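This report concerns only the one structure given below.
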Amino acid sequence: MDYQKHTPFRFHKKLVSEPEEYQLTGFQLENGLQVIMLKNHQVPVVAVDIWYKVGSKDEKPGKSGFAHLFEHMMFEGSENVGKAEHMKLLTDVGGTVNGSTTQDRTNYWQVVPANQLELALWLEADRMRSLKINLENFENQRATVKEERRLRIDNQPYMPVIYELKDQISYRNFAYQHSVMGSMEDLDRATLEDVTAFHSLYYRPNNAVMAVVGDFTVQQAYTLVKKYFSKIPTGAAIPAVDLSESRCQREVRFTFPDSFAPFPAILISQLIPERTHSSFYPLELLEKILFDGESSRFYRKLVEEEQLALHVVGGQDGKFGPALFFLFAQLHPEKKLLDLEKTIYAEFEQLQSRGVSEEELEKAKNKVRTDFVSQQESVRSLADTLCMYHTVYQQPERFFTELERFEKITATEVQAAAKEFLGPDGRSVIEIIPRKQATEELKPDNLS
């Protein structure tokens, strides 16, 4: 599939002519909604993916969890669609639908048969224009979010550390420091007026980008988008969020007693620059060298050779602004956490002093090439990728040349990234101790 057959991308105010297949096209309505279109007639399906440029980073202290709350609220009905009918209408015609929230954005996507594109666009426009935000829907979804928090974080081993504590001790800026899910206290304190104000500001056409990818004609989609979205009023200007972070010059340590953890574990993280920084590429390759698969450095060293860990994962954590490069390892029950930590640092030091081999680098680039192909294999993943590249770089077409940037990275650049970002300065370390073990260690008889 030749997706690079497009001219330089820009958002047009109107359709001049029907683009070729695989030619990226964009439109911007008067109300600010930006629409990216890419037609591909290979399979008779079409994806509609809308990104609202709002995530937990946009929340204020004391009012966390609102972005994730609206991931749920947006399925509660609108002027012409009843409660839970949005999803039912799409699945009844053979479609799939869902949404997700991160620190940086909230998205809603649907993949439908090609002849149901109008239904998908009408549904998205109806809830953008007239979402039902009332006390009943708010209370219902607040309870749902709180239960989701209990199931996914509070009552799961290691999850409070991986999804929340890691950010709390690594960041000083509230934007990325707090949880996407929101705290129970903030959710309990939230009022209908609070969430209504949040929605009124952020869920507007001037704060959204929508990708339509698949089997359609651009003329058809352009006409439908104008029909259903053009009369939705624009919103107020979106306030900028300060994401700035300064690297701490000392190591920060924290011990977390985990009631659900079967074995001790360790999580180590380091602050790294935003996704637009040139270091993103060597760090992404470094992630694959260190963590990707059973032939990765840390799997071979910690799990197979030294048998210090049962499980190890890590890499860049996916934020668009200042991010974290982290490692999580679950301790082997017959080994000591101190030995595991020392071995991890020894591997970092070896990487910094000796670098990576050309064979390792080429293998990592092969994985990037595979990822590049897989992102184009479904209309949904491609639509999501185009929204992401526009949100981060304001260049959705950049995705199609991204592989070239990875190809140019050298082993020297990977080593330099390891030296800059994997040293002891600013390192955050969380030791996870099963609560029963922590209690035993803190008994008076065991204290000196």
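Residues are referred to by chain and number: the chain letter is A, B, ... according to the order shown in the structure tokens, the number counts from 1 in that chain, and ligands are numbered separately from 1 in the order shown.
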
Near-Tyr222 (chain A) list (9 Å; only C-alpha atoms; drop same-chain fewer than 6 positions) as an MDAnalysis selection string: chainID A and resid 14:15 27 35 37

task: Could you find all residues in region 43-290 of chain A that DSSP calls strand (DSSP E or B) from the backbone, and write them as a VMD selection string?
output: chain A and resid 45 to 52 60 63 78 81 96 to 101 106 to 113 131 208 to 214 252 to 258 265 to 272

field: Given only C-alpha atoms as the counted atoms, nearest of A:Ser64, A:Asn107, A:Asn98, A:Ser295 to Arg189 (chain A)
entry: A:Ser64

Selection near Ser230 (chain A), 9 Å with only C-alpha atoms, sequence-local residues under 6 positions removed, as a ChimeraX atom specification: /A:29-31,33

Spatial neighbours of His277 (chain A), max dist 12 Å, only C-alpha atoms, sep filter under 6 positions, as a list of chain:residue names: A:Leu283, A:Glu284, A:Phe320, A:Gly321, A:Pro322, A:Ala323, A:Val392, A:Tyr393, A:Ala417

query: Near region 355-361 of chain A, counting only C-alpha atoms, which residues have an atom at most 10 Å away, once you skip same-chain residues fewer than 4 positions from it, shown as number ranges by chain?
result: A: 282, 285-286, 288-290, 295-297, 348-351, 365-367, 407, 409-419

Would you write out, as CSV, a table of all residues in region 1-70 of chain A that have an atom no more than 12 Å from an atom of region 201-217 of chain A, listing for each the closest atom pair and the distance in Å to one decimal, considering only C-alpha atoms and ordering rows by chain and rising residue number?
residue,atom,partner,partner_atom,distance
A:Tyr3,CA,A:Val213,CA,11.7
A:Phe11,CA,A:Val209,CA,11.1
A:Leu15,CA,A:Thr217,CA,11.6
A:Ser17,CA,A:Thr217,CA,10.9
A:Glu18,CA,A:Thr217,CA,7.6
A:Pro19,CA,A:Thr217,CA,8.6
A:Glu20,CA,A:Thr217,CA,9.6
A:Glu21,CA,A:Thr217,CA,9.0
A:Tyr22,CA,A:Gly214,CA,9.4
A:Gln23,CA,A:Val213,CA,10.9
A:Leu24,CA,A:Val213,CA,9.6
A:Thr25,CA,A:Val212,CA,10.0
A:Gly26,CA,A:Ala211,CA,8.9
A:Phe27,CA,A:Met210,CA,9.9
A:Gln28,CA,A:Val209,CA,9.2
A:Leu29,CA,A:Pro205,CA,8.7
A:Glu30,CA,A:Asn206,CA,9.1
A:Asn31,CA,A:Asn206,CA,6.1
A:Gly32,CA,A:Asn206,CA,4.0
A:Leu33,CA,A:Pro205,CA,4.5
A:Gln34,CA,A:Val209,CA,4.8
A:Val35,CA,A:Met210,CA,4.8
A:Ile36,CA,A:Ala211,CA,4.6
A:Met37,CA,A:Val212,CA,4.9
A:Leu38,CA,A:Val213,CA,4.8
A:Lys39,CA,A:Gly214,CA,4.9
A:Asn40,CA,A:Gly214,CA,4.7
A:His41,CA,A:Asp215,CA,4.5
A:Gln42,CA,A:Asp215,CA,7.2
A:Val43,CA,A:Asp215,CA,6.6
A:Pro44,CA,A:Asp215,CA,5.3
A:Val45,CA,A:Asp215,CA,5.6
A:Val46,CA,A:Gly214,CA,4.2
A:Ala47,CA,A:Val213,CA,5.2
A:Val48,CA,A:Val212,CA,4.7
A:Asp49,CA,A:Ala211,CA,5.2
A:Ile50,CA,A:Met210,CA,4.1
A:Trp51,CA,A:Val209,CA,5.3
A:Tyr52,CA,A:Ala208,CA,4.4
A:Lys53,CA,A:Asn207,CA,5.7
A:Val54,CA,A:Tyr202,CA,6.4
A:Gly55,CA,A:Tyr202,CA,9.6
A:Ser56,CA,A:Tyr202,CA,11.8
A:Asp58,CA,A:Tyr202,CA,9.2
A:Glu59,CA,A:Tyr202,CA,10.8
A:Phe66,CA,A:Tyr202,CA,10.9
A:Ala67,CA,A:Tyr202,CA,9.3
A:Phe70,CA,A:Tyr203,CA,9.4

- prompt: So which residues of region 293-442 of chain A fall under helix (DSSP H, G or I) by DSSP, listed as a PyMOL selection string?
  reply: chain A and resi 297-305+337-354+358-374+379-393+396-407+411-421+435-441

Who sits within 12 Å of Tyr345 (chain A), only C-alpha atoms, same chain under 2 positions skipped, as a ChimeraX atom specification: /A:268,298,301-302,327,338-343,347-352,418,422-424,427,429

query: Distance CA of His72 (chain A)-CA of Asn173 (chain A), one decimal place?
result: 26.5 Å
